[in-house]
file run00.pdb (PDB, C-alpha atoms (C1' of nucleotides))
ATOM      1  CA  MET A   1     149.715  96.577  90.605
ATOM      2  CA  GLU A   2     147.451  95.429  93.398
ATOM      3  CA  ALA A   3     148.571  91.874  92.639
ATOM      4  CA  GLU A   4     152.202  92.821  93.064
ATOM      5  CA  LEU A   5     151.402  94.634  96.292
ATOM      6  CA  GLN A   6     149.575  91.595  97.601
ATOM      7  CA  VAL A   7     152.379  89.065  97.079
ATOM      8  CA  THR A   8     154.806  91.426  98.767
ATOM      9  CA  PHE A   9     152.509  92.115 101.698
ATOM     10  CA  ARG A  10     151.896  88.405 102.067
ATOM     11  CA  ALA A  11     155.632  87.754 102.107
ATOM     12  CA  LEU A  12     156.125  90.293 104.884
ATOM     13  CA  SER A  13     153.147  89.311 107.009
ATOM     14  CA  ASP A  14     154.865  86.478 108.886
ATOM     15  CA  PRO A  15     157.366  87.054 111.724
ATOM     16  CA  THR A  16     159.584  84.119 110.695
ATOM     17  CA  ARG A  17     159.817  85.457 107.162
ATOM     18  CA  ARG A  18     160.700  88.939 108.395
ATOM     19  CA  ALA A  19     163.403  87.379 110.585
ATOM     20  CA  ILE A  20     164.762  85.513 107.561
ATOM     21  CA  LEU A  21     164.991  88.806 105.673
ATOM     22  CA  MET A  22     166.922  90.331 108.551
ATOM     23  CA  HIS A  23     169.401  87.462 108.425
ATOM     24  CA  LEU A  24     169.771  87.764 104.654
ATOM     25  CA  HIS A  25     170.494  91.422 105.229
ATOM     26  CA  GLN A  26     173.836  90.245 106.627
ATOM     27  CA  GLY A  27     174.616  88.340 103.438
ATOM     28  CA  ASP A  28     173.493  85.592 101.067
ATOM     29  CA  MET A  29     172.717  82.182 102.550
ATOM     30  CA  THR A  30     171.825  78.650 101.444
ATOM     31  CA  ILE A  31     168.653  76.987 102.733
ATOM     32  CA  GLY A  32     170.726  75.013 105.212
ATOM     33  CA  GLU A  33     172.420  78.127 106.559
ATOM     34  CA  VAL A  34     169.083  79.855 107.036
ATOM     35  CA  THR A  35     167.724  76.767 108.776
ATOM     36  CA  ASP A  36     170.591  76.839 111.285
ATOM     37  CA  LYS A  37     169.353  80.219 112.524
ATOM     38  CA  PHE A  38     165.968  78.800 113.513
ATOM     39  CA  ASP A  39     164.451  75.906 115.447
ATOM     40  CA  ILE A  40     162.131  74.673 112.712
ATOM     41  CA  THR A  41     162.685  72.076 110.009
ATOM     42  CA  ARG A  42     164.378  72.725 106.696
ATOM     43  CA  ALA A  43     161.161  71.961 104.817
ATOM     44  CA  ALA A  44     159.303  74.642 106.757
ATOM     45  CA  ILE A  45     162.097  77.153 106.047
ATOM     46  CA  LYS A  46     161.944  76.181 102.392
ATOM     47  CA  LYS A  47     158.225  76.973 102.292
ATOM     48  CA  HIS A  48     158.871  80.407 103.752
ATOM     49  CA  LEU A  49     161.653  81.025 101.242
ATOM     50  CA  THR A  50     159.305  80.086  98.412
ATOM     51  CA  ILE A  51     156.752  82.645  99.582
ATOM     52  CA  LEU A  52     159.495  85.262  99.927
ATOM     53  CA  GLU A  53     160.606  84.463  96.391
ATOM     54  CA  GLN A  54     157.036  84.740  95.077
ATOM     55  CA  GLY A  55     156.922  88.173  96.682
ATOM     56  CA  ASN A  56     160.129  89.081  94.825
ATOM     57  CA  VAL A  57     161.645  90.017  98.145
ATOM     58  CA  ILE A  58     164.468  87.548  97.612
ATOM     59  CA  SER A  59     166.066  86.065  94.517
ATOM     60  CA  VAL A  60     167.507  82.559  94.296
ATOM     61  CA  GLN A  61     170.615  81.513  92.432
ATOM     62  CA  VAL A  62     171.163  77.784  91.975
ATOM     63  CA  ARG A  63     174.854  76.939  92.287
ATOM     64  CA  GLY A  64     175.678  73.276  91.962
ATOM     65  CA  ARG A  65     173.516  71.442  94.461
ATOM     66  CA  GLU A  66     172.908  74.558  96.548
ATOM     67  CA  ARG A  67     170.388  77.370  96.355
ATOM     68  CA  ILE A  68     171.775  80.754  97.307
ATOM     69  CA  ASN A  69     169.139  83.106  98.711
ATOM     70  CA  HIS A  70     169.716  86.802  98.126
ATOM     71  CA  LEU A  71     167.830  89.775  99.548
ATOM     72  CA  GLU A  72     166.128  92.114  97.046
ATOM     73  CA  PRO A  73     165.342  95.210  99.093
ATOM     74  CA  MET A  74     163.966  97.173  96.152
ATOM     75  CA  ALA A  75     160.910  94.924  96.166
ATOM     76  CA  LEU A  76     159.838  96.717  99.326
ATOM     77  CA  GLN A  77     159.371  99.945  97.444
ATOM     78  CA  PRO A  78     155.724  99.398  96.372
ATOM     79  CA  VAL A  79     154.794  98.667  99.973
ATOM     80  CA  SER A  80     156.597 101.754 101.152
ATOM     81  CA  GLN A  81     154.852 103.821  98.530
ATOM     82  CA  TRP A  82     151.474 102.437  99.474
ATOM     83  CA  ILE A  83     152.056 103.418 103.075
ATOM     84  CA  ASN A  84     153.211 106.867 102.113
ATOM     85  CA  SER A  85     150.058 107.444 100.099
ATOM     86  CA  PHE A  86     148.391 108.307 103.398
ATOM     87  CA  SER A  87     149.310 111.938 103.220
ATOM     88  CA  THR A  88     148.923 112.951 106.862
ATOM     89  CA  PHE A  89     151.596 110.479 107.708
ATOM     90  CA  TRP A  90     153.648 111.486 104.711
ATOM     91  CA  ASP A  91     153.773 115.150 105.695
ATOM     92  CA  GLU A  92     154.988 114.190 109.129
ATOM     93  CA  ARG A  93     157.719 111.967 107.720
ATOM     94  CA  LEU A  94     158.811 114.512 105.213
ATOM     95  CA  SER A  95     159.740 116.988 107.922
ATOM     96  CA  ASN A  96     161.600 114.300 109.846
ATOM     97  CA  LEU A  97     163.580 113.421 106.752
ATOM     98  CA  GLN A  98     164.353 117.053 106.140
ATOM     99  CA  THR A  99     166.250 116.966 109.418
ATOM    100  CA  VAL A 100     168.048 113.752 108.545
ATOM    101  CA  ILE A 101     169.143 115.071 105.173
ATOM    102  CA  GLU A 102     170.352 118.353 106.609
ATOM    103  CA  ARG A 103     172.421 116.441 109.124
ATOM    104  CA  ASN A 104     173.895 114.362 106.303
ATOM    105  CA  GLU A 105     174.823 117.481 104.372
ATOM    106  CA  LYS A 106     176.810 118.811 107.315
ATOM    107  CA  ASN A 107     178.833 115.616 107.567
ATOM    108  CA  LYS A 108     180.035 115.788 103.997
TER     109      LYS A 108
ATOM    110  CA  MET B 109     157.896  95.918 119.536
ATOM    111  CA  GLU B 110     157.753  92.836 117.326
ATOM    112  CA  ALA B 111     154.280  92.231 118.681
ATOM    113  CA  GLU B 112     153.160  95.698 117.641
ATOM    114  CA  LEU B 113     154.721  95.229 114.207
ATOM    115  CA  GLN B 114     152.922  91.931 113.796
ATOM    116  CA  VAL B 115     149.395  93.204 114.490
ATOM    117  CA  THR B 116     149.959  96.056 112.069
ATOM    118  CA  PHE B 117     151.383  93.832 109.343
ATOM    119  CA  ARG B 118     148.509  91.444 109.840
ATOM    120  CA  ALA B 119     146.015  94.272 109.483
ATOM    121  CA  LEU B 120     147.597  95.363 106.201
ATOM    122  CA  SER B 121     148.073  91.912 104.700
ATOM    123  CA  ASP B 122     144.560  91.599 103.253
ATOM    124  CA  PRO B 123     143.398  93.404 100.089
ATOM    125  CA  THR B 124     139.891  94.069 101.421
ATOM    126  CA  ARG B 125     141.328  95.664 104.545
ATOM    127  CA  ARG B 126     143.665  97.858 102.514
ATOM    128  CA  ALA B 127     140.696  98.920 100.382
ATOM    129  CA  ILE B 128     138.772  99.795 103.557
ATOM    130  CA  LEU B 129     141.656 102.000 104.679
ATOM    131  CA  MET B 130     141.617 103.797 101.338
ATOM    132  CA  HIS B 131     137.914 104.512 101.783
ATOM    133  CA  LEU B 132     138.427 105.745 105.329
ATOM    134  CA  HIS B 133     141.088 108.036 103.948
ATOM    135  CA  GLN B 134     138.192 110.010 102.443
ATOM    136  CA  GLY B 135     136.522 110.386 105.814
ATOM    137  CA  ASP B 136     135.071 108.581 108.838
ATOM    138  CA  MET B 137     132.406 105.950 108.202
ATOM    139  CA  THR B 138     130.001 103.683 110.087
ATOM    140  CA  ILE B 139     130.075  99.925 109.546
ATOM    141  CA  GLY B 140     127.053 100.174 107.306
ATOM    142  CA  GLU B 141     128.643 102.864 105.157
ATOM    143  CA  VAL B 142     131.791 100.789 104.733
ATOM    144  CA  THR B 143     129.679  97.749 103.829
ATOM    145  CA  ASP B 144     127.939  99.703 101.049
ATOM    146  CA  LYS B 145     131.315 100.053  99.301
ATOM    147  CA  PHE B 146     131.754  96.283  99.018
ATOM    148  CA  ASP B 147     129.891  93.165  97.907
ATOM    149  CA  ILE B 148     130.366  91.156 101.090
ATOM    150  CA  THR B 149     128.208  90.913 104.179
ATOM    151  CA  ARG B 150     128.253  93.355 107.053
ATOM    152  CA  ALA B 151     129.455  90.639 109.406
ATOM    153  CA  ALA B 152     132.502  90.031 107.227
ATOM    154  CA  ILE B 153     133.238  93.772 107.077
ATOM    155  CA  LYS B 154     132.906  93.938 110.836
ATOM    156  CA  LYS B 155     135.510  91.197 111.239
ATOM    157  CA  HIS B 156     137.936  93.097 109.024
ATOM    158  CA  LEU B 157     137.310  96.300 110.983
ATOM    159  CA  THR B 158     138.049  94.437 114.214
ATOM    160  CA  ILE B 159     141.408  93.275 112.854
ATOM    161  CA  LEU B 160     142.171  96.793 111.647
ATOM    162  CA  GLU B 161     141.314  98.087 115.102
ATOM    163  CA  GLN B 162     143.569  95.480 116.751
ATOM    164  CA  GLY B 163     146.364  96.704 114.503
ATOM    165  CA  ASN B 164     145.674 100.259 115.741
ATOM    166  CA  VAL B 165     145.304 101.307 112.141
ATOM    167  CA  ILE B 166     141.807 102.605 112.856
ATOM    168  CA  SER B 167     140.086 103.866 115.985
ATOM    169  CA  VAL B 168     136.397 103.451 116.734
ATOM    170  CA  GLN B 169     134.124 105.945 118.406
ATOM    171  CA  VAL B 170     130.729 104.701 119.572
ATOM    172  CA  ARG B 171     128.044 107.335 118.995
ATOM    173  CA  GLY B 172     124.560 106.270 119.937
ATOM    174  CA  ARG B 173     123.879 103.014 118.179
ATOM    175  CA  GLU B 174     126.563 103.611 115.577
ATOM    176  CA  ARG B 175     130.280 102.906 115.466
ATOM    177  CA  ILE B 176     132.308 105.562 113.681
ATOM    178  CA  ASN B 177     135.512 104.161 112.157
ATOM    179  CA  HIS B 178     138.417 106.571 111.899
ATOM    180  CA  LEU B 179     141.747 106.144 110.137
ATOM    181  CA  GLU B 180     144.893 106.363 112.268
ATOM    182  CA  PRO B 181     147.705 106.786 109.741
ATOM    183  CA  MET B 182     150.420 107.182 112.359
ATOM    184  CA  ALA B 183     150.089 103.478 113.165
ATOM    185  CA  LEU B 184     151.798 102.782 109.851
ATOM    186  CA  GLN B 185     155.008 104.342 111.101
ATOM    187  CA  PRO B 186     156.539 101.184 112.680
ATOM    188  CA  VAL B 187     155.979  99.304 109.432
ATOM    189  CA  SER B 188     157.539 102.092 107.433
ATOM    190  CA  GLN B 189     160.512 102.155 109.771
ATOM    191  CA  TRP B 190     160.958  98.412 109.525
ATOM    192  CA  ILE B 191     161.048  98.645 105.742
ATOM    193  CA  ASN B 192     163.496 101.499 105.831
ATOM    194  CA  SER B 193     165.842  99.510 108.024
ATOM    195  CA  PHE B 194     167.029  97.827 104.838
ATOM    196  CA  SER B 195     169.686 100.380 104.128
ATOM    197  CA  THR B 196     170.230  99.857 100.409
ATOM    198  CA  PHE B 197     166.654 100.747  99.853
ATOM    199  CA  TRP B 198     166.855 103.567 102.352
ATOM    200  CA  ASP B 199     169.745 105.274 100.607
ATOM    201  CA  GLU B 200     167.870 105.136  97.338
ATOM    202  CA  ARG B 201     164.765 106.643  98.879
ATOM    203  CA  LEU B 202     166.687 109.313 100.659
ATOM    204  CA  SER B 203     167.984 110.761  97.403
ATOM    205  CA  ASN B 204     164.496 110.653  95.880
ATOM    206  CA  LEU B 205     163.143 112.554  98.844
ATOM    207  CA  GLN B 206     165.929 115.057  98.599
ATOM    208  CA  THR B 207     164.501 115.959  95.205
ATOM    209  CA  VAL B 208     160.952 116.140  96.522
ATOM    210  CA  ILE B 209     161.950 118.395  99.370
ATOM    211  CA  GLU B 210     163.955 120.718  97.149
ATOM    212  CA  ARG B 211     160.967 121.049  94.868
ATOM    213  CA  ASN B 212     158.788 121.900  97.857
ATOM    214  CA  GLU B 213     161.224 124.563  98.960
ATOM    215  CA  LYS B 214     161.009 126.289  95.590
ATOM    216  CA  ASN B 215     157.201 126.441  95.794
ATOM    217  CA  LYS B 216     157.182 128.281  99.079
TER     218      LYS B 216
ATOM    219  C1'  DC C 217     106.326 101.926 125.068
ATOM    220  C1'  DC C 218     107.102  99.547 121.020
ATOM    221  C1'  DT C 219     108.742  99.084 116.539
ATOM    222  C1'  DA C 220     112.388  99.494 113.303
ATOM    223  C1'  DC C 221     116.937  99.322 112.542
ATOM    224  C1'  DA C 222     122.115  99.147 113.298
ATOM    225  C1'  DT C 223     125.376  96.601 115.436
ATOM    226  C1'  DA C 224     126.927  92.343 118.265
ATOM    227  C1'  DA C 225     127.470  87.592 119.017
ATOM    228  C1'  DT C 226     127.399  82.881 117.925
ATOM    229  C1'  DA C 227     127.717  78.854 115.242
ATOM    230  C1'  DC C 228     129.315  76.806 111.373
ATOM    231  C1'  DC C 229     131.754  75.895 106.844
ATOM    232  C1'  DT C 230     135.683  76.112 103.534
ATOM    233  C1'  DT C 231     140.184  77.435 102.324
ATOM    234  C1'  DT C 232     144.721  78.694 103.460
ATOM    235  C1'  DT C 233     148.660  78.499 106.287
ATOM    236  C1'  DG C 234     152.430  76.727 108.937
ATOM    237  C1'  DG C 235     154.300  72.879 110.121
ATOM    238  C1'  DT C 236     156.257  67.704 110.207
ATOM    239  C1'  DA C 237     157.515  63.346 108.148
ATOM    240  C1'  DT C 238     158.905  60.734 104.477
ATOM    241  C1'  DT C 239     160.560  59.654 100.077
ATOM    242  C1'  DA C 240     162.883  61.084  95.742
ATOM    243  C1'  DT C 241     166.326  63.418  93.105
ATOM    244  C1'  DG C 242     170.534  65.290  91.856
ATOM    245  C1'  DT C 243     175.478  66.629  92.755
ATOM    246  C1'  DT C 244     179.842  66.125  94.848
ATOM    247  C1'  DT C 245     183.788  63.716  95.980
ATOM    248  C1'  DA C 246     186.433  59.876  97.669
TER     249       DA C 246
ATOM    250  C1'  DT D 247     180.916  54.594  90.281
ATOM    251  C1'  DA D 248     179.192  54.531  94.831
ATOM    252  C1'  DA D 249     178.266  56.902  99.068
ATOM    253  C1'  DA D 250     177.169  60.961 101.311
ATOM    254  C1'  DC D 251     174.838  64.955 101.420
ATOM    255  C1'  DA D 252     171.813  69.038 100.109
ATOM    256  C1'  DT D 253     167.698  70.204  98.190
ATOM    257  C1'  DA D 254     162.931  68.890  96.068
ATOM    258  C1'  DA D 255     158.554  66.918  96.218
ATOM    259  C1'  DT D 256     154.728  64.810  98.181
ATOM    260  C1'  DA D 257     151.430  63.635 101.562
ATOM    261  C1'  DC D 258     149.438  64.757 105.553
ATOM    262  C1'  DC D 259     147.821  67.257 109.946
ATOM    263  C1'  DA D 260     146.244  71.070 112.997
ATOM    264  C1'  DA D 261     145.103  75.633 113.511
ATOM    265  C1'  DA D 262     143.740  80.017 111.852
ATOM    266  C1'  DA D 263     141.418  82.972 108.545
ATOM    267  C1'  DG D 264     137.680  84.540 105.685
ATOM    268  C1'  DG D 265     133.269  84.093 104.889
ATOM    269  C1'  DT D 266     127.817  83.267 105.525
ATOM    270  C1'  DA D 267     123.676  82.641 108.176
ATOM    271  C1'  DT D 268     121.175  83.280 112.105
ATOM    272  C1'  DT D 269     119.877  85.031 116.426
ATOM    273  C1'  DA D 270     120.360  88.552 120.127
ATOM    274  C1'  DT D 271     120.766  93.160 121.870
ATOM    275  C1'  DG D 272     120.436  97.931 122.394
ATOM    276  C1'  DT D 273     119.086 102.536 120.776
ATOM    277  C1'  DA D 274     116.263 106.046 118.206
ATOM    278  C1'  DG D 275     111.950 107.956 117.151
ATOM    279  C1'  DG D 276     107.070 107.949 116.356
TER     280       DG D 276
END

call {"tool": "encode", "arguments": {"input": "run00.pdb", "output": "structure tokens"}}
result
Amino acid sequence: MEAELQVTFRALSDPTRRAILMHLHQGDMTIGEVTDKFDITRAAIKKHLTILEQGNVISVQVRGRERINHLEPMALQPVSQWINSFSTFWDERLSNLQTVIERNEKNK
Amino acid sequence: MEAELQVTFRALSDPTRRAILMHLHQGDMTIGEVTDKFDITRAAIKKHLTILEQGNVISVQVRGRERINHLEPMALQPVSQWINSFSTFWDERLSNLQTVIERNEKNK
DNA sequence: CCTACATAATACCTTTTGGTATTATGTTTA
DNA sequence: TAAACATAATACCAAAAGGTATTATGTAGG
């Protein structure tokens, strides 16, 4: 459990990797496509993608000679839960969400 | 904004530091008291506390010759918000929380 | 005031991280 | 099948991180 948490936290702890996740949020991308979004070499991007994959934050599908990188947002859940285990914070959030949910109900 | 996110993520990215936060969740502690919970030197603990302080995740109050370390759970909010910005995940969480809130309502 | 003790500061070492460069491998496609 | 192209693998470098050891400093209390 702690081990899982750690690989995920490690994956998220670098600004470049978080930026990659944001890009993948728009849709799946090959290594080359990801590289085009940044000013660093493909090999460096590849290293980041490997760490993201180890953290289960992305999944990779090999298609022909390409590797398609796909965001796995559910992997963020353990991190979110860890954060929410600090109850003071949790209570505060809960009341904020109450408002959000009520607003959603009205729009139905 | 990214800068703030980064210092917080950095603070959380180490297992020892997360364990320190869990201990501080029980109550404020001096450096010595925190050290007693671990098997590493006081100097190493102090370095971790400095990084936690830079991430605004704890605050420090100097009292006489002691430094009282205090948890600041609200600092986790930007990280939580970043995670929730991945909407697939968010939608899933929202419905879970709906359940939690409804249960709370019944207990009032 | 002076001694004991908690924290601070500094120097130093090892490992990890982020990156580049280069070479190899495998897959299309003309 | 050969050439072009995308990814993989390896070696290497510099900087940062995590840690210990040691010395300095400041504060409480007898």

call {"tool": "resolve_selection", "arguments": {"input": "run00.pdb", "expression": "the PyMOL selection byres ((chain C) within 12 of (chain B))", "output": "number ranges by chain"}}
result
C: 221-226

call {"tool": "atom_distance", "arguments": {"input": "run00.pdb", "atom1": "CA of His131 (chain B)", "atom2": "CA of Gln189 (chain B)"}}
result
24.1 Å

call {"tool": "residues_around", "arguments": {"input": "run00.pdb", "residues": "Gly64 (chain A)", "least_positions_apart": "3", "cutoff": "12 Å", "atoms": "all atoms listed in the file", "output": "list in words"}}
result
Thr30, Gln61, Arg67 and Ile68 of chain A; DG242, DT243 and DT244 of chain C; DA252 and DT253 of chain D

call {"tool": "closest_residue", "arguments": {"input": "run00.pdb", "among": "B:Gln185, B:Gln114, B:Ser121, B:Asn164", "to": "DA263 (chain D)", "atoms": "all atoms listed in the file"}}
result
B:Ser121

call {"tool": "resolve_selection", "arguments": {"input": "run00.pdb", "expression": "the PyMOL selection byres ((chain A) within 6 of (chain B))", "output": "ChimeraX atom specification"}}
result
/A:9-10,13,73-74,89

call {"tool": "resolve_selection", "arguments": {"input": "run00.pdb", "expression": "the PyMOL selection byres ((chain D) within 9 of (chain B))", "output": "ChimeraX atom specification"}}
result
/D:264-266,272-274

call {"tool": "atom_distance", "arguments": {"input": "run00.pdb", "atom1": "CA of Asn177 (chain B)", "atom2": "CA of Thr124 (chain B)"}}
result
15.4 Å

call {"tool": "atom_distance", "arguments": {"input": "run00.pdb", "atom1": "CA of Leu24 (chain A)", "atom2": "CA of His70 (chain A)"}}
result
6.6 Å

call {"tool": "closest_residue", "arguments": {"input": "run00.pdb", "among": "B:Gly163, B:Val168, B:Ile128, B:Gln134", "to": "Phe146 (chain B)", "atoms": "only C-alpha atoms"}}
result
B:Ile128

call {"tool": "build_atoms", "arguments": {"input": "run00.pdb", "residues": "region 144-168 of chain B", "atoms": "N, CA and C atoms", "output": "compact mmCIF listing (two decimals), keeping the file's coordinate frame"}}
result
# COMPACT_ATOMS: atom_id res chain seq x y z
N ASP B 144 128.51 99.28 102.34
CA ASP B 144 127.94 99.70 101.05
C ASP B 144 128.99 99.78 99.94
N LYS B 145 130.25 99.93 100.31
CA LYS B 145 131.32 100.05 99.30
C LYS B 145 131.75 98.69 98.76
N PHE B 146 131.30 97.63 99.40
CA PHE B 146 131.75 96.28 99.02
C PHE B 146 130.58 95.35 98.72
N ASP B 147 130.92 94.16 98.24
CA ASP B 147 129.89 93.16 97.91
C ASP B 147 129.84 92.03 98.91
N ILE B 148 130.40 92.22 100.09
CA ILE B 148 130.37 91.16 101.09
C ILE B 148 129.49 91.58 102.26
N THR B 149 129.17 90.64 103.12
CA THR B 149 128.21 90.91 104.18
C THR B 149 128.76 91.85 105.25
N ARG B 150 127.85 92.45 105.98
CA ARG B 150 128.25 93.36 107.05
C ARG B 150 129.09 92.64 108.11
N ALA B 151 128.72 91.39 108.39
CA ALA B 151 129.46 90.64 109.41
C ALA B 151 130.91 90.46 109.00
N ALA B 152 131.13 90.20 107.72
CA ALA B 152 132.50 90.03 107.23
C ALA B 152 133.27 91.35 107.33
N ILE B 153 132.61 92.44 106.95
CA ILE B 153 133.24 93.77 107.08
C ILE B 153 133.60 94.04 108.54
N LYS B 154 132.67 93.71 109.42
CA LYS B 154 132.91 93.94 110.84
C LYS B 154 134.15 93.18 111.31
N LYS B 155 134.32 91.97 110.84
CA LYS B 155 135.51 91.20 111.24
C LYS B 155 136.78 91.90 110.76
N HIS B 156 136.77 92.38 109.54
CA HIS B 156 137.94 93.10 109.02
C HIS B 156 138.20 94.36 109.85
N LEU B 157 137.14 95.07 110.20
CA LEU B 157 137.31 96.30 110.98
C LEU B 157 137.90 95.98 112.35
N THR B 158 137.50 94.84 112.92
CA THR B 158 138.05 94.44 114.21
C THR B 158 139.55 94.20 114.12
N ILE B 159 139.98 93.54 113.04
CA ILE B 159 141.41 93.28 112.85
C ILE B 159 142.16 94.59 112.61
N LEU B 160 141.55 95.48 111.86
CA LEU B 160 142.17 96.79 111.65
C LEU B 160 142.30 97.55 112.97
N GLU B 161 141.28 97.40 113.80
CA GLU B 161 141.31 98.09 115.10
C GLU B 161 142.41 97.48 115.99
N GLN B 162 142.52 96.15 115.97
CA GLN B 162 143.57 95.48 116.75
C GLN B 162 144.96 95.92 116.29
N GLY B 163 145.09 96.24 115.03
CA GLY B 163 146.36 96.70 114.50
C GLY B 163 146.57 98.20 114.72
N ASN B 164 145.63 98.82 115.41
CA ASN B 164 145.67 100.26 115.74
C ASN B 164 145.67 101.15 114.51
N VAL B 165 145.28 100.56 113.39
CA VAL B 165 145.30 101.31 112.14
C VAL B 165 144.03 102.15 112.01
N ILE B 166 143.00 101.75 112.74
CA ILE B 166 141.81 102.60 112.86
C ILE B 166 141.43 102.72 114.32
N SER B 167 140.67 103.76 114.65
CA SER B 167 140.09 103.87 115.98
C SER B 167 138.58 103.93 115.80
N VAL B 168 137.84 103.51 116.84
CA VAL B 168 136.40 103.45 116.73
C VAL B 168 135.77 104.29 117.84
